[in-house]
Amino acid sequence: MTTPLPLPPVPARIVAAPMAGGPSTPALVAAVGAAGGLGFLAAGYRTPTQLRADVAAVRDRGPAPFGVNVFAPVAERPEEVARLAGYAERIAGRGARFGVAPGTPAHGDDAFGAKAELLAELRPDVASFTFGLPPEDLVRDLHAARVPVWVTVTSPEDAVAAAATGADALVVQGWEAGGHRGGLTDEEPAQLGLLPLLALVRRVTPLPLVAAGGIADGAGVAAVLAAGAALAQLGTAFLRTPEAGTPPVHAAALAEGRPTTVTRAFTGRRARALVNDAVRALDADAPAAYPEVHFLTAPVRAAARTAGDPEDAHLWAGQAAALAEPVPAGELVGRLAADARAALDAAARPR
Ligand SMILES: Cc1cc2nc3c(=O)[nH]c(=O)nc-3n(C[C@H](O)[C@H](O)[C@H](O)COP(=O)(O)O)c2cc1C
């Protein structure tokens with residue numbers, strides 16, 4: 001195997017996670033980068049044209065390194081697709097509250113091929129993949145363009161497979177994490193929390209590890225660095241920053257202290273979200289069909305967002321959601337890095 005490409009310089013050791021669906025704006029990415037962190041554009045649900053414009057907008061704002069994250073295509077599951085008609089009736093019932101009908105389910109790959117080509121052309125400082133492995137010829141093209149490849153893993157088995165494709169670093173996503181399960185499968189009987197997952201992944205690969213899931217303060221950053229991670233990746237902690245494009249109904253719900261749960265109700269793929277009426281009503285019946293369920297529920301979720309109604313919106317959030325604060329992203333990066341250093345110093349002092 002060839003030598004992995006190095007991590008970009010990230011003096012704060014903080015990565016702002018890619019967050020598709022609005023939160024990861026060019027303004028957020030640039031603010032995190034300017035503060036010594038690494039920001040990520042989320043290419044998921046963006047068109048290739050929008051992605052190109054987003055990359056240009058980040059570059060216009062300054063020279064800091066940044067990454068781009070892409071959803072790898074997910075295999076179609078005919079036995080789950082067969083359950084969509086029944087689920088559509090349930091979604092129609094919820095849509096009636098807003099006067100909207102369910103969307104049309106379809107199996108797509110989110111323009112993966114076109115976005116993959118763009119990555120090699122636009123050369124972000126990192127290309128990261130979630131929901132699956134990048135094809136080997138793409139990894140070769142990205143390496144030829146000197147773009148490091150990161151792959152999200154949620155088990156040691158994923159880590160072995162990702163390392164074999166030539167990944168340069170692994171994003172290790174614990175069960176605590178907000179948003180979709182990002183590994184090669186969302187069927188996870190082991191459901192490993194971040195600290196055991198880091199230790200178990202470390203046993204199977206020497207690659208640099210980027211730790212994600214439930215980290216929302218400096219002590220949490222310190223904990224994963226002490227556990228051997230090279231960088232800490234935080235998502236939910238950035239959702240209430242003014243630079244993030246988080247829908248207002250989502251940002252407001254984060255401040256309410258709701259519990260989180262993992263559910264297929266909104267997209268068909270398991271994702272951690274704040275508990276609301278839709279989760280309570282739909283979770284048990286949701287087919288494991290991604291992205292078909294995403295398209296089916298999209299109009300209802302959009303209507304709920306417009307109406308400012310949190311009960312039918314997908315409110316992705318990690319287990320430490322209550323710690324997310326409405327502070328500028330650069331200030332948050334500075335504070336997390338300083339608090340992490342203080343926590344590491346305190347932990348190293350004899351008592
Ligand atoms: C609103 C939201 C959207 C997300 N979108 C993406 C995405 O597009 N790509 C991705 O790899 N991970 C995505 N994630 C997962 C994050 O990369 C990361 O694993 C997670 O935020 C870490 O847990 P935390 O939210 O507790 O910090 C998303 C998470 C959230 C909260």
# chains A, B, ... in the order shown; residues from 1 in each chain; ligands from 1

$ residues_near_ligand --ligand "ligand 1" --cutoff "7 Å" --atoms "only C-alpha atoms and all ligand atoms" --output "MDAnalysis selection string"
chainID A and resid 17:21 23 42:44 69:71 129:130 152 173 176:180 182 212:216 233:237 316:321

$ write_last_selection --atoms "C-alpha atoms" --output "CSV table (one decimal), in the first residue's frame"
chain,number,residue,atom,x,y,z
A,17,ALA,CA,-18.5,18.1,10.4
A,18,PRO,CA,-20.1,18.2,7.0
A,19,MET,CA,-23.9,18.7,7.6
A,20,ALA,CA,-26.0,18.4,4.5
A,21,GLY,CA,-29.5,20.0,4.2
A,23,PRO,CA,-26.1,23.9,8.0
A,42,ALA,CA,-21.6,18.9,2.5
A,43,ALA,CA,-22.2,18.0,-1.1
A,44,GLY,CA,-25.2,15.8,-0.1
A,69,ASN,CA,-18.0,15.5,1.8
A,70,VAL,CA,-20.0,13.3,-0.6
A,71,PHE,CA,-22.6,10.6,0.0
A,129,PHE,CA,-17.1,9.9,1.8
A,130,THR,CA,-19.9,8.7,3.9
A,152,THR,CA,-16.5,7.4,7.6
A,173,GLN,CA,-18.4,7.9,14.0
A,176,GLU,CA,-23.6,9.2,20.0
A,177,ALA,CA,-23.4,11.1,16.7
A,178,GLY,CA,-26.1,13.3,15.3
A,179,GLY,CA,-27.4,12.8,11.7
A,180,HIS,CA,-27.2,9.7,9.6
A,182,GLY,CA,-22.3,7.2,8.1
A,212,ALA,CA,-17.0,12.1,15.7
A,213,GLY,CA,-20.1,11.7,17.9
A,214,GLY,CA,-21.4,13.5,20.9
A,215,ILE,CA,-18.4,15.8,21.3
A,216,ALA,CA,-19.6,19.3,22.2
A,233,GLN,CA,-15.1,16.3,14.4
A,234,LEU,CA,-18.1,18.1,15.8
A,235,GLY,CA,-21.5,18.6,14.1
A,236,THR,CA,-24.3,19.4,16.4
A,237,ALA,CA,-22.1,21.8,18.4
A,316,TRP,CA,-30.7,15.8,13.4
A,317,ALA,CA,-28.8,16.1,16.7
A,318,GLY,CA,-26.1,14.2,18.6
A,319,GLN,CA,-26.5,13.0,22.2
A,320,ALA,CA,-24.8,16.2,23.6
A,321,ALA,CA,-27.3,18.5,21.7

$ select_by_dssp --residues "stretch 121-311 of chain A" --states "strand (DSSP E)" --output "MDAnalysis selection string"
chainID A and resid 126:130 149:153 169:173 179:180 209:212 231:234 260:263 271:274

$ residues_around --residues "A:Arg264" --least-positions-apart "5" --cutoff "7 Å" --atoms "only C-alpha atoms" --output "compact mmCIF listing (two decimals) with N, CA and C atoms, in the first residue's frame"
# COMPACT_ATOMS: atom_id res chain seq x y z
N ARG A 269 -32.86 5.72 6.25
CA ARG A 269 -31.56 5.35 6.81
C ARG A 269 -31.52 5.82 8.25
N ARG A 270 -30.95 4.99 9.11
CA ARG A 270 -30.96 5.36 10.52
C ARG A 270 -30.17 6.65 10.76
N ALA A 271 -30.76 7.51 11.56
CA ALA A 271 -30.15 8.81 11.86
C ALA A 271 -30.55 9.21 13.27
N ASP A 283 -41.68 5.72 13.69
CA ASP A 283 -40.42 4.97 13.76
C ASP A 283 -40.61 3.47 13.54
N ALA A 286 -41.15 2.46 9.70
CA ALA A 286 -40.38 3.03 8.59
C ALA A 286 -39.58 1.96 7.86
N ALA A 288 -36.56 0.35 5.59
CA ALA A 288 -35.12 0.65 5.48
C ALA A 288 -34.79 0.91 4.02

$ atom_distance --atom1 "atom CA of A:Ala144" --atom2 "atom CA of A:Ala120"
8.5 Å

$ residues_around --residues "A:Leu133" --least-positions-apart "3" --cutoff "12 Å" --atoms "only C-alpha atoms" --output "VMD selection string"
chain A and resid 70 to 74 128 to 130 136 to 139 149 to 153 158 to 167 170 182 to 185

$ closest_residue --among "A:Pro247, A:Ala116, A:Asp345, A:Ala56" --to "A:Asp141" --atoms "only C-alpha atoms"
A:Ala116

$ residues_around --residues "A:Leu274" --least-positions-apart "5" --cutoff "10 Å" --atoms "only C-alpha atoms" --output "list in words"
Gly178, Gly179, His250, Ala253, Leu254, Glu256, Gly257, Arg258, Pro259, Thr260, Thr261, Val262, Thr263, Val279, Pro310, Glu311, Ala313, His314, Leu315, Trp316, Ala317, Gly318, Gln319 and Ala321 of chain A

$ write_last_selection --atoms "N, CA and C atoms" --output "compact mmCIF listing (two decimals), in the first residue's frame"
# COMPACT_ATOMS: atom_id res chain seq x y z
N GLY A 178 -24.93 12.79 15.89
CA GLY A 178 -26.12 13.32 15.26
C GLY A 178 -26.13 13.02 13.77
N GLY A 179 -27.32 12.98 13.19
CA GLY A 179 -27.45 12.76 11.75
C GLY A 179 -27.36 11.28 11.39
N HIS A 250 -35.18 24.04 13.61
CA HIS A 250 -34.21 23.06 14.10
C HIS A 250 -33.33 23.68 15.20
N ALA A 253 -35.31 24.06 18.38
CA ALA A 253 -35.58 22.80 19.07
C ALA A 253 -34.37 22.30 19.85
N LEU A 254 -33.16 22.63 19.34
CA LEU A 254 -31.94 22.19 20.04
C LEU A 254 -31.85 22.79 21.43
N GLU A 256 -34.28 23.19 23.43
CA GLU A 256 -35.41 22.78 24.27
C GLU A 256 -35.09 21.62 25.21
N GLY A 257 -33.90 21.02 25.06
CA GLY A 257 -33.53 19.92 25.95
C GLY A 257 -34.25 18.62 25.65
N ARG A 258 -34.68 18.41 24.40
CA ARG A 258 -35.33 17.14 24.04
C ARG A 258 -34.31 16.01 24.04
N PRO A 259 -34.73 14.77 24.31
CA PRO A 259 -33.83 13.63 24.15
C PRO A 259 -33.62 13.32 22.67
N THR A 260 -32.61 12.51 22.35
CA THR A 260 -32.39 12.07 20.97
C THR A 260 -32.67 10.57 20.86
N THR A 261 -32.91 10.14 19.62
CA THR A 261 -33.06 8.71 19.35
C THR A 261 -32.59 8.45 17.92
N VAL A 262 -32.37 7.18 17.59
CA VAL A 262 -31.96 6.83 16.22
C VAL A 262 -33.16 6.25 15.50
N THR A 263 -33.46 6.80 14.31
CA THR A 263 -34.71 6.45 13.63
C THR A 263 -34.55 6.43 12.12
N VAL A 279 -41.35 11.11 14.95
CA VAL A 279 -40.54 9.95 15.34
C VAL A 279 -41.41 8.97 16.16
N PRO A 310 -41.84 22.02 14.85
CA PRO A 310 -40.76 21.02 15.02
C PRO A 310 -41.27 19.58 15.00
N GLU A 311 -42.57 19.35 15.07
CA GLU A 311 -43.05 17.98 15.27
C GLU A 311 -43.01 17.13 14.00
N ALA A 313 -40.55 17.95 11.46
CA ALA A 313 -39.25 18.22 10.81
C ALA A 313 -38.25 17.16 11.28
N HIS A 314 -37.23 16.91 10.44
CA HIS A 314 -36.15 16.01 10.90
C HIS A 314 -35.14 16.88 11.63
N LEU A 315 -34.94 16.59 12.91
CA LEU A 315 -34.13 17.47 13.75
C LEU A 315 -32.85 16.74 14.14
N TRP A 316 -31.97 16.55 13.16
CA TRP A 316 -30.75 15.77 13.44
C TRP A 316 -29.98 16.40 14.61
N ALA A 317 -29.52 15.56 15.52
CA ALA A 317 -28.77 16.05 16.67
C ALA A 317 -28.07 14.89 17.35
N GLY A 318 -26.87 15.16 17.87
CA GLY A 318 -26.13 14.16 18.64
C GLY A 318 -26.56 14.16 20.10
N GLN A 319 -26.01 13.20 20.84
CA GLN A 319 -26.46 13.02 22.22
C GLN A 319 -26.14 14.22 23.12
N ALA A 321 -26.59 17.32 22.39
CA ALA A 321 -27.26 18.46 21.74
C ALA A 321 -27.50 19.63 22.68

$ atom_distance --atom1 "atom CA of A:Arg202" --atom2 "atom CA of A:Arg123"
28.5 Å
